[in-house]
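Shown here: run04.cif, mmCIF, C-alpha atoms and all ligand atoms.
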data_coords
#
loop_
_atom_site.label_atom_id
_atom_site.label_comp_id
_atom_site.auth_asym_id
_atom_site.auth_seq_id
_atom_site.Cartn_x
_atom_site.Cartn_y
_atom_site.Cartn_z
CA MET A 28 130.42 174.02 119.03
CA PRO A 29 132.16 176.59 121.28
CA SER A 30 135.75 176.03 122.37
CA ALA A 31 136.08 173.25 124.94
CA ARG A 32 137.38 175.87 127.34
CA LEU A 33 133.85 177.35 127.46
CA LEU A 34 132.06 174.06 128.14
CA THR A 35 131.46 172.15 131.36
CA TYR A 36 133.20 168.83 131.84
CA ALA A 37 129.81 167.09 131.62
CA GLN A 38 129.01 168.75 128.28
CA ARG A 39 132.39 167.72 126.95
CA ALA A 40 131.83 164.11 128.06
CA GLU A 41 128.86 163.93 125.69
CA ASN A 42 131.01 164.93 122.72
CA HIS A 43 133.75 162.38 123.30
CA HIS A 44 133.75 158.97 121.66
CA ASN A 45 136.91 157.58 123.21
CA PRO A 46 135.75 155.54 126.25
CA ALA A 47 138.63 156.63 128.52
CA ALA A 48 138.18 160.34 127.75
CA LYS A 49 134.43 160.09 128.19
CA ALA A 50 134.77 158.25 131.51
CA LEU A 51 137.35 160.73 132.80
CA LEU A 52 135.19 163.75 131.97
CA GLU A 53 132.13 162.10 133.52
CA THR A 54 134.10 161.27 136.67
CA ILE A 55 135.39 164.84 136.96
CA GLY A 56 131.84 166.19 136.75
CA ARG A 57 130.37 163.59 139.12
CA LYS A 58 133.06 164.02 141.81
CA LYS A 59 133.59 167.75 141.26
CA SER A 60 137.29 167.03 141.08
CA ASN A 61 139.81 167.87 138.38
CA LEU A 62 142.60 166.58 140.63
CA CYS A 63 144.95 163.79 139.60
CA VAL A 64 147.29 162.64 142.33
CA SER A 65 150.68 161.30 141.29
CA VAL A 66 151.74 158.63 143.79
CA ASP A 67 155.50 158.35 143.28
CA VAL A 68 156.43 156.12 146.21
CA THR A 69 158.50 152.93 146.21
CA LYS A 70 156.62 150.49 148.48
CA GLN A 71 153.35 148.73 147.61
CA ALA A 72 151.89 149.32 151.08
CA ASP A 73 152.52 153.09 150.96
CA PHE A 74 151.22 153.27 147.40
CA LEU A 75 147.92 151.57 148.25
CA ARG A 76 147.47 153.38 151.57
CA ILE A 77 147.96 156.84 150.03
CA ILE A 78 145.55 156.04 147.21
CA ASP A 79 142.92 154.89 149.70
CA VAL A 80 143.33 158.19 151.58
CA VAL A 81 143.18 160.50 148.55
CA GLY A 82 140.66 158.38 146.61
CA PRO A 83 137.53 160.37 147.53
CA TYR A 84 139.09 163.63 146.25
CA ILE A 85 140.48 162.60 142.88
CA CYS A 86 139.29 161.87 139.35
CA LEU A 87 142.48 160.10 138.34
CA VAL A 88 145.48 158.44 139.96
CA LYS A 89 148.80 158.68 138.14
CA THR A 90 151.28 155.88 138.67
CA HIS A 91 154.94 155.13 137.93
CA VAL A 92 154.59 151.41 138.47
CA ASP A 93 158.27 150.77 137.72
CA VAL A 94 159.42 152.59 140.87
CA ILE A 95 157.69 150.11 143.18
CA GLU A 96 160.50 147.98 144.68
CA ASP A 97 158.36 145.15 146.04
CA PHE A 98 155.99 145.01 143.06
CA GLU A 99 153.72 141.97 142.71
CA PHE A 100 150.91 141.81 140.20
CA SER A 101 148.40 141.44 143.04
CA MET A 102 149.05 145.14 143.75
CA ILE A 103 147.27 145.88 140.49
CA ASP A 104 144.21 143.94 141.68
CA ARG A 105 144.19 146.07 144.85
CA LEU A 106 144.58 149.22 142.75
CA LYS A 107 141.60 148.20 140.61
CA GLU A 108 139.55 147.59 143.78
CA LEU A 109 140.42 151.10 145.01
CA SER A 110 139.50 152.52 141.61
CA ALA A 111 136.04 150.93 141.92
CA LYS A 112 135.64 151.84 145.61
CA HIS A 113 136.50 155.52 145.17
CA ASP A 114 135.42 156.05 141.54
CA PHE A 115 138.62 157.20 139.82
CA LEU A 116 140.50 156.25 136.67
CA ILE A 117 144.11 155.05 136.37
CA PHE A 118 146.88 156.72 134.35
CA GLU A 119 150.23 154.91 134.12
CA ASP A 120 152.76 157.66 133.35
CA ARG A 121 154.96 155.38 131.22
CA LYS A 122 156.18 158.03 128.76
CA PHE A 123 156.71 155.59 125.91
CA ALA A 124 159.32 156.83 123.44
CA ASP A 125 160.27 154.06 120.97
CA ILE A 126 159.25 152.69 117.58
CA GLY A 127 155.72 151.31 117.20
CA ASN A 128 156.61 147.64 117.41
CA THR A 129 158.61 148.07 120.60
CA VAL A 130 156.07 150.25 122.41
CA ALA A 131 153.28 147.79 121.55
CA LEU A 132 155.29 145.10 123.37
CA GLN A 133 156.13 147.40 126.30
CA TYR A 134 152.48 148.40 126.64
CA SER A 135 150.96 144.91 126.49
CA SER A 136 153.64 142.62 127.91
CA GLY A 137 156.52 142.31 130.36
CA VAL A 138 156.05 142.40 134.12
CA TYR A 139 153.50 145.20 134.20
CA LYS A 140 151.05 144.51 131.30
CA ILE A 141 150.09 148.18 131.46
CA SER A 142 147.36 148.01 128.83
CA SER A 143 145.43 145.47 130.91
CA TRP A 144 144.76 147.90 133.78
CA SER A 145 145.64 151.50 132.90
CA HIS A 146 142.79 153.48 131.32
CA ILE A 147 145.19 156.15 130.11
CA THR A 148 148.90 156.18 129.33
CA ASN A 149 151.25 158.67 127.68
CA ALA A 150 153.97 158.89 125.06
CA HIS A 151 156.59 161.27 123.77
CA PRO A 152 155.95 162.21 120.14
CA ILE A 153 159.70 162.10 119.38
CA PRO A 154 159.61 158.85 117.29
CA GLY A 155 156.86 160.18 114.97
CA PRO A 156 153.35 158.83 114.29
CA GLY A 157 154.43 155.16 114.42
CA ILE A 158 154.40 155.36 118.21
CA ILE A 159 150.68 156.13 118.11
CA THR A 160 150.00 153.34 115.62
CA GLY A 161 151.88 150.86 117.82
CA LEU A 162 150.16 151.84 121.06
CA SER A 163 146.78 152.12 119.38
CA SER A 164 147.03 148.55 118.05
CA ILE A 165 146.95 147.42 121.68
CA GLY A 166 144.97 150.18 123.39
CA THR A 167 142.11 150.91 121.01
CA PRO A 168 140.51 147.43 121.20
CA LEU A 169 140.59 147.81 125.01
CA GLY A 170 138.98 151.28 125.00
CA ARG A 171 142.13 152.99 126.29
CA GLY A 172 143.27 156.58 125.67
CA LEU A 173 146.67 158.09 124.92
CA ILE A 174 148.10 161.42 126.08
CA LEU A 175 151.00 162.94 124.10
CA LEU A 176 153.63 165.02 125.87
CA ALA A 177 153.40 168.26 123.86
CA GLU A 178 155.16 170.30 126.56
CA MET A 179 156.82 169.59 129.92
CA SER A 180 156.92 171.36 133.26
CA SER A 181 160.68 171.16 133.74
CA LYS A 182 163.16 173.98 133.23
CA GLY A 183 164.90 173.95 129.84
CA THR A 184 162.49 171.46 128.23
CA LEU A 185 163.06 170.87 124.51
CA ALA A 186 159.32 170.26 124.03
CA SER A 187 158.37 173.72 122.76
CA GLY A 188 157.80 175.68 119.56
CA ALA A 189 157.70 173.57 116.40
CA TYR A 190 157.99 170.35 118.42
CA THR A 191 154.81 171.20 120.31
CA SER A 192 152.98 172.13 117.10
CA GLN A 193 153.97 168.86 115.47
CA ALA A 194 152.84 166.92 118.51
CA VAL A 195 149.39 168.49 118.18
CA GLN A 196 149.32 167.72 114.45
CA MET A 197 150.15 164.07 115.18
CA ALA A 198 147.29 163.95 117.68
CA ARG A 199 144.82 165.48 115.20
CA ALA A 200 145.51 162.65 112.81
CA HIS A 201 144.59 160.09 115.52
CA ARG A 202 141.73 161.68 117.40
CA ASP A 203 140.07 158.34 118.15
CA PHE A 204 142.96 157.24 120.39
CA VAL A 205 144.89 160.41 121.32
CA ILE A 206 142.64 162.11 123.86
CA GLY A 207 144.86 164.97 124.91
CA PHE A 208 148.20 166.31 126.01
CA ILE A 209 150.55 166.83 128.86
CA ALA A 210 150.92 170.57 128.36
CA MET A 211 151.16 173.79 130.32
CA ARG A 212 148.30 175.56 128.47
CA ARG A 213 145.42 174.81 126.08
CA MET A 214 146.54 173.65 122.67
CA ASP A 215 143.53 175.15 120.80
CA GLY A 216 144.77 176.42 117.46
CA VAL A 217 148.37 175.26 117.97
CA GLY A 218 149.84 173.95 114.71
CA ALA A 219 146.51 174.62 112.99
CA GLU A 220 147.65 176.97 110.23
CA GLY A 221 145.70 176.24 107.04
CA LEU A 222 143.18 173.94 108.71
CA ASP A 223 139.44 174.27 108.29
CA SER A 224 137.94 176.25 111.20
CA THR A 225 134.78 174.12 111.47
CA ASP A 226 136.89 171.02 111.96
CA LEU A 227 138.96 172.78 114.63
CA ALA A 228 135.79 173.91 116.40
CA ASN A 229 134.92 170.28 117.12
CA GLU A 230 138.32 169.56 118.56
CA ASP A 231 138.47 168.79 122.29
CA PHE A 232 141.80 167.61 123.60
CA LEU A 233 142.12 167.16 127.36
CA ILE A 234 144.99 169.11 128.89
CA LEU A 235 146.59 167.31 131.85
CA THR A 236 149.08 169.54 133.64
CA PRO A 237 151.84 168.58 136.08
CA GLY A 238 154.06 171.07 137.87
CA VAL A 239 151.31 172.12 140.30
CA GLY A 240 152.07 173.22 143.87
CA LEU A 241 150.65 175.68 146.36
CA ASP A 242 153.60 175.85 148.76
CA ALA A 243 156.72 175.68 146.56
CA LYS A 244 157.89 177.21 143.29
CA GLY A 245 160.02 174.24 142.25
CA ASP A 246 162.52 171.61 143.38
CA SER A 247 166.29 171.28 143.10
CA MET A 248 166.07 169.22 139.90
CA GLY A 249 164.32 171.61 137.52
CA GLN A 250 160.66 171.00 138.39
CA GLN A 251 158.60 174.22 138.22
CA TYR A 252 155.29 174.69 140.06
CA ARG A 253 152.30 176.89 139.35
CA THR A 254 149.09 177.15 141.37
CA PRO A 255 145.83 175.40 140.38
CA ARG A 256 144.41 178.85 139.64
CA GLU A 257 147.22 179.72 137.22
CA VAL A 258 146.93 176.34 135.54
CA VAL A 259 143.13 175.97 135.25
CA LEU A 260 141.86 179.55 135.11
CA GLU A 261 144.69 181.44 133.42
CA SER A 262 146.11 178.69 131.18
CA GLY A 263 142.82 176.83 130.55
CA CYS A 264 144.10 173.37 131.50
CA ASP A 265 141.66 170.60 132.48
CA VAL A 266 143.31 168.34 135.05
CA ILE A 267 145.89 169.31 137.68
CA ILE A 268 148.51 166.67 138.46
CA VAL A 269 149.92 166.95 141.99
CA GLY A 270 152.55 164.66 143.50
CA ARG A 271 154.78 165.71 146.41
CA GLY A 272 152.46 168.61 147.26
CA ILE A 273 150.02 165.94 148.48
CA TYR A 274 151.69 162.62 149.26
CA GLY A 275 154.84 164.28 150.63
CA LYS A 276 153.02 166.12 153.39
CA GLY A 277 153.27 163.80 156.39
CA ASN A 278 150.72 161.47 157.95
CA ASP A 279 147.44 160.26 156.47
CA ALA A 280 145.44 163.13 157.98
CA ASP A 281 147.82 165.67 156.39
CA ILE A 282 147.69 163.89 153.04
CA GLN A 283 143.90 163.83 153.16
CA ALA A 284 143.78 167.54 154.05
CA GLN A 285 146.11 168.41 151.16
CA ALA A 286 144.08 166.34 148.69
CA GLU A 287 140.91 168.17 149.71
CA ARG A 288 142.76 171.52 149.54
CA TYR A 289 143.97 170.91 145.96
CA ARG A 290 140.59 169.51 144.90
CA LYS A 291 138.85 172.66 146.15
CA GLU A 292 141.39 175.00 144.52
CA GLY A 293 141.24 173.19 141.20
CA TRP A 294 137.45 173.11 141.18
CA ALA A 295 137.09 176.77 142.19
CA ALA A 296 139.44 177.76 139.36
CA TYR A 297 137.33 175.78 136.88
CA GLU A 298 134.06 177.28 138.15
CA GLU A 299 135.54 180.74 137.83
CA ARG A 300 136.73 179.96 134.31
CA ILE A 301 133.25 178.85 133.26
CA SER A 302 131.56 181.85 134.88
CA VAL A 303 134.06 184.31 133.40
CA GLN A 304 133.36 182.87 129.98
CA ALA A 305 129.60 182.94 130.54
CA SER A 306 129.48 186.58 131.70
O1 LIG B 401 156.31 167.58 132.20
C1 LIG B 401 156.05 166.77 133.07
C2 LIG B 401 155.34 165.59 132.80
C3 LIG B 401 155.01 164.75 133.84
S1 LIG B 401 153.96 163.44 133.49
N1 LIG B 401 156.38 167.04 134.36
C4 LIG B 401 156.09 166.19 135.40
O2 LIG B 401 156.41 166.52 136.55
N2 LIG B 401 155.42 165.01 135.14
C5 LIG B 401 155.14 164.03 136.22
O3 LIG B 401 154.28 164.64 137.17
C6 LIG B 401 156.37 163.56 136.99
O4 LIG B 401 156.90 162.36 136.43
C7 LIG B 401 155.83 163.31 138.39
O5 LIG B 401 155.30 161.99 138.49
C8 LIG B 401 154.65 164.28 138.51
C9 LIG B 401 154.98 165.56 139.27
O6 LIG B 401 155.32 165.30 140.59
P1 LIG B 401 155.53 166.45 141.67
O7 LIG B 401 155.93 165.70 142.89
O8 LIG B 401 156.60 167.37 141.18
O9 LIG B 401 154.19 167.15 141.81
#
Please go through the file and, once you have read it, give me the structure as structure tokens.
Ligand code: S5P
Amino acid sequence: MPSARLLTYAQRAENHHNPAAKALLETIGRKKSNLCVSVDVTKQADFLRIIDVVGPYICLVKTHVDVIEDFEFSMIDRLKELSAKHDFLIFEDRKFADIGNTVALQYSSGVYKISSWSHITNAHPIPGPGIITGLSSIGTPLGRGLILLAEMSSKGTLASGAYTSQAVQMARAHRDFVIGFIAMRRMDGVGAEGLDSTDLANEDFLILTPGVGLDAKGDSMGQQYRTPREVVLESGCDVIIVGRGIYGKGNDADIQAQAERYRKEGWAAYEERISVQAS
């Protein structure tokens, strides 16, 4: 099988067994959108309104449910309705980072019961493989997928070099549940020294990439932005994650226009990537 970078999203969907990864790739192909909008607002009403506006343009919505001040569980029912109405998946950006037993409780229980509604969640590899075992004990029976943070978009991140390689190695050992990475570039071949090349050829980790903006280079707290073209075409990433570049842009009409703008940019960069590879 050629590198995932050379394949269409639809072709890659056929090769995936994890239900969340398969559904995400199918959704991307169906909606012609590799855009994930991150809705980092603090009021339920704003959260749901923005998602309803951007819904037609996205494959995935990324949430930080713990920043909602007036949270009630009924908001999750509304979110699920919007997910069905607009055909997108849900990614709670929880960034788990504890021992397996603790993260299993944090994932399944408490106020948010994340595993009951979020198709995809993420974790820092810092605790070692036990974090995957813990989350998988909850998520695998529900058909969920896990993303490991192999790199970060922020200035001075410690997630680089050997740390990144070891994150990829941890993922390779749990390919049924770990479906990809938060990373700034493709992870093909990273940490793969001494591995069999036929096994690596079948590897297809999804690369979800934050730090995407068309109008700014960064913020005052270390965030760094690249364009969809840099991220998808030059670095070979699969999904662009955009927050303030979309929801921070004013009224609903502006937010809708920005969502369509990022969707188009992300999709054009993917189409160019595929055609460059094919020619
Ligand atoms: O390395 C990272 C990983 C993540 S998940 N850098 C990030 O910015 N994120 C998240 O992406 C971050 O928590 C925020 O929700 C989103 C980026 O938001 P923006 O407003 O800067 O686009």
In Å and to one decimal, atom CA of A:Gly238 is distant from atom CA of A:Gly293 by 13.4 Å
Taking all atoms listed in the file into account, list the residues no farther than 7 Å from ligand LIG 401 (chain B), as a PDB file with C-alpha atoms, keeping the file's coordinate frame.
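Generated output (selection-v1.pdb):
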ATOM      1  CA  SER A  65     150.680 161.300 141.290  1.00  0.00           C
ATOM      2  CA  ASP A  67     155.500 158.350 143.280  1.00  0.00           C
ATOM      3  CA  HIS A  91     154.940 155.130 137.930  1.00  0.00           C
ATOM      4  CA  ASP A 120     152.760 157.660 133.350  1.00  0.00           C
ATOM      5  CA  GLU A 178     155.160 170.300 126.560  1.00  0.00           C
ATOM      6  CA  MET A 179     156.820 169.590 129.920  1.00  0.00           C
ATOM      7  CA  SER A 180     156.920 171.360 133.260  1.00  0.00           C
ATOM      8  CA  SER A 181     160.680 171.160 133.740  1.00  0.00           C
ATOM      9  CA  ILE A 209     150.550 166.830 128.860  1.00  0.00           C
ATOM     10  CA  PRO A 237     151.840 168.580 136.080  1.00  0.00           C
ATOM     11  CA  GLY A 238     154.060 171.070 137.870  1.00  0.00           C
ATOM     12  CA  VAL A 239     151.310 172.120 140.300  1.00  0.00           C
ATOM     13  CA  GLY A 240     152.070 173.220 143.870  1.00  0.00           C
ATOM     14  CA  GLN A 250     160.660 171.000 138.390  1.00  0.00           C
ATOM     15  CA  ILE A 268     148.510 166.670 138.460  1.00  0.00           C
ATOM     16  CA  VAL A 269     149.920 166.950 141.990  1.00  0.00           C
ATOM     17  CA  GLY A 270     152.550 164.660 143.500  1.00  0.00           C
ATOM     18  CA  ARG A 271     154.780 165.710 146.410  1.00  0.00           C
ATOM     19  CA  GLY A 272     152.460 168.610 147.260  1.00  0.00           C
TER      20      GLY A 272
END
Nearest to A:Thr129 among A:Val303, A:Ile159, A:Leu33, A:Ala40, with distances taken over all atoms listed in the file: which residue is it? A:Ile159
Contact check, stretch 229-300 of chain A to stretch 189-202 of chain A, at most 10 Å, counting all atoms listed in the file, closest pairs as JSON lines:
{"residue": "A:Glu230", "atom": "CA", "partner": "A:Arg199", "partner_atom": "CA", "distance": 8.4}
{"residue": "A:Asp231", "atom": "CA", "partner": "A:Arg202", "partner_atom": "CA", "distance": 9.2}
{"residue": "A:Phe232", "atom": "CA", "partner": "A:Arg202", "partner_atom": "CA", "distance": 8.6}
Between atom CA of A:Met102 and atom CA of A:Gly161, measure the distance and give it in Å to one decimal.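 Result for atom CA of A:Met102 versus atom CA of A:Gly161: 26.7 Å, one decimal.
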Enclose the full set of atoms of stretch 51-61 of chain A listed in the file within a box whose edges lie along x, y and z, apply 8 Å of padding to each of the six sides, and report centre and edge lengths in Å to one decimal as JSON.
{"center_x": 135.1, "center_y": 164.3, "center_z": 136.9, "size_x": 25.4, "size_y": 23.1, "size_z": 25.8}
For A:Asp79, the nearest of the candidates A:Arg57, A:His113, A:Lys291, A:Arg212, counting only C-alpha atoms: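 Checking each candidate against A:Asp79, we get A:His113 as the closest.
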Distance in Å - atom CA of A:Phe100 versus atom CA of A:Arg171: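 Distance reported for this atom pair: 19.9 Å.
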Between A:Tyr134, A:Phe74, A:Phe123, A:Tyr252, which is the closest to A:Arg105 once you count all atoms listed in the file?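 Answer, going by the shortest atom-to-atom distance: A:Phe74.
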Hey, which of A:Val81, A:Asp281, A:Gly56, A:Ala186 ends up closest to A:Glu41? Count all atoms listed in the file.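 Using all atoms listed in the file, the shortest distance to A:Glu41 belongs to A:Gly56.
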Would you list the contacts of A:Val92 as a PyMOL selection string, taking every protein, DNA or RNA residue within 9 Å and counting only C-alpha atoms, but skipping same-chain residues closer than 4 positions in sequence? chain A and resi 67+69+98+119-121+139+141
Find the residue from A:Tyr36, A:Thr90, A:Ile77, A:Val68 that sits nearest to A:Ala280; use only C-alpha atoms when measuring.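 Using only C-alpha atoms, A:Ala280 sits closest to A:Ile77.
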Counting all atoms listed in the file, figure out which residue out of A:Ile206, A:Val66, A:Ala177, A:Ile158 gets nearest to A:Pro46.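 Closest to A:Pro46 of all the choices is A:Ile206.
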As a CSV table (one decimal) with C-alpha atoms, in the coordinates of the input, please: the residues near stretch 254-258 of chain A (cut-off 12 Å, only C-alpha atoms, same-chain neighbours under 5 positions excluded).
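This went into selection-v3.csv:
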chain,number,residue,atom,x,y,z
A,60,SER,CA,137.3,167.0,141.1
A,61,ASN,CA,139.8,167.9,138.4
A,62,LEU,CA,142.6,166.6,140.6
A,63,CYS,CA,145.0,163.8,139.6
A,180,SER,CA,156.9,171.4,133.3
A,210,ALA,CA,150.9,170.6,128.4
A,211,MET,CA,151.2,173.8,130.3
A,212,ARG,CA,148.3,175.6,128.5
A,213,ARG,CA,145.4,174.8,126.1
A,234,ILE,CA,145.0,169.1,128.9
A,235,LEU,CA,146.6,167.3,131.8
A,236,THR,CA,149.1,169.5,133.6
A,237,PRO,CA,151.8,168.6,136.1
A,238,GLY,CA,154.1,171.1,137.9
A,239,VAL,CA,151.3,172.1,140.3
A,240,GLY,CA,152.1,173.2,143.9
A,241,LEU,CA,150.6,175.7,146.4
A,242,ASP,CA,153.6,175.8,148.8
A,243,ALA,CA,156.7,175.7,146.6
A,244,LYS,CA,157.9,177.2,143.3
A,245,GLY,CA,160.0,174.2,142.2
A,263,GLY,CA,142.8,176.8,130.6
A,264,CYS,CA,144.1,173.4,131.5
A,265,ASP,CA,141.7,170.6,132.5
A,266,VAL,CA,143.3,168.3,135.0
A,267,ILE,CA,145.9,169.3,137.7
A,268,ILE,CA,148.5,166.7,138.5
A,269,VAL,CA,149.9,167.0,142.0
A,272,GLY,CA,152.5,168.6,147.3
A,288,ARG,CA,142.8,171.5,149.5
A,289,TYR,CA,144.0,170.9,146.0
A,290,ARG,CA,140.6,169.5,144.9
A,291,LYS,CA,138.8,172.7,146.2
A,292,GLU,CA,141.4,175.0,144.5
A,293,GLY,CA,141.2,173.2,141.2
A,294,TRP,CA,137.4,173.1,141.2
A,295,ALA,CA,137.1,176.8,142.2
A,296,ALA,CA,139.4,177.8,139.4
A,297,TYR,CA,137.3,175.8,136.9
A,298,GLU,CA,134.1,177.3,138.2
A,299,GLU,CA,135.5,180.7,137.8
A,300,ARG,CA,136.7,180.0,134.3
Place all heavy atoms on stretch 235-244 of chain A and deliver the coordinates as a short mmCIF file (atom, residue, chain, number, x, y, z; two decimals), keeping the file's coordinate frame.
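Full text of result_25.cif as output:
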data_model
loop_
_atom_site.label_atom_id
_atom_site.label_comp_id
_atom_site.auth_asym_id
_atom_site.auth_seq_id
_atom_site.Cartn_x
_atom_site.Cartn_y
_atom_site.Cartn_z
N LEU A 235 146.20 167.78 130.52
CA LEU A 235 146.59 167.31 131.85
C LEU A 235 147.91 167.99 132.20
O LEU A 235 148.87 167.91 131.42
CB LEU A 235 146.76 165.79 131.86
CG LEU A 235 145.49 164.94 132.01
CD1 LEU A 235 144.47 165.23 130.94
CD2 LEU A 235 145.83 163.46 132.02
N THR A 236 147.96 168.65 133.36
CA THR A 236 149.08 169.54 133.64
C THR A 236 149.78 169.23 134.95
O THR A 236 149.20 169.42 136.03
CB THR A 236 148.59 171.00 133.63
OG1 THR A 236 147.91 171.23 132.39
CG2 THR A 236 149.74 171.97 133.76
N PRO A 237 151.04 168.76 134.88
CA PRO A 237 151.84 168.58 136.08
C PRO A 237 152.59 169.89 136.39
O PRO A 237 152.45 170.88 135.67
CB PRO A 237 152.82 167.48 135.68
CG PRO A 237 152.97 167.64 134.20
CD PRO A 237 151.72 168.29 133.66
N GLY A 238 153.38 169.85 137.46
CA GLY A 238 154.06 171.07 137.87
C GLY A 238 153.06 171.95 138.58
O GLY A 238 152.91 173.13 138.27
N VAL A 239 152.32 171.37 139.55
CA VAL A 239 151.31 172.12 140.30
C VAL A 239 151.66 172.03 141.79
O VAL A 239 151.82 170.93 142.33
CB VAL A 239 149.89 171.58 140.05
CG1 VAL A 239 148.86 172.34 140.89
CG2 VAL A 239 149.53 171.67 138.57
N GLY A 240 151.77 173.19 142.43
CA GLY A 240 152.07 173.22 143.87
C GLY A 240 151.62 174.53 144.46
O GLY A 240 151.73 175.57 143.81
N LEU A 241 151.11 174.46 145.69
CA LEU A 241 150.65 175.68 146.36
C LEU A 241 151.71 176.23 147.31
O LEU A 241 151.66 177.39 147.68
CB LEU A 241 149.36 175.39 147.15
CG LEU A 241 148.09 175.28 146.30
CD1 LEU A 241 146.98 174.56 147.06
CD2 LEU A 241 147.62 176.66 145.87
N ASP A 242 152.67 175.41 147.73
CA ASP A 242 153.60 175.85 148.76
C ASP A 242 155.04 176.00 148.28
O ASP A 242 155.88 176.47 149.02
CB ASP A 242 153.57 174.85 149.93
CG ASP A 242 152.16 174.70 150.50
OD1 ASP A 242 151.47 175.72 150.61
OD2 ASP A 242 151.77 173.55 150.81
N ALA A 243 155.34 175.57 147.06
CA ALA A 243 156.72 175.68 146.56
C ALA A 243 156.69 176.14 145.12
O ALA A 243 155.69 175.98 144.42
CB ALA A 243 157.41 174.32 146.66
N LYS A 244 157.79 176.73 144.68
CA LYS A 244 157.89 177.21 143.29
C LYS A 244 158.60 176.20 142.40
O LYS A 244 158.58 176.30 141.18
CB LYS A 244 158.64 178.55 143.26
CG LYS A 244 157.81 179.72 143.75
CD LYS A 244 156.93 180.27 142.61
CE LYS A 244 155.69 180.92 143.14
NZ LYS A 244 154.45 180.58 142.44
#
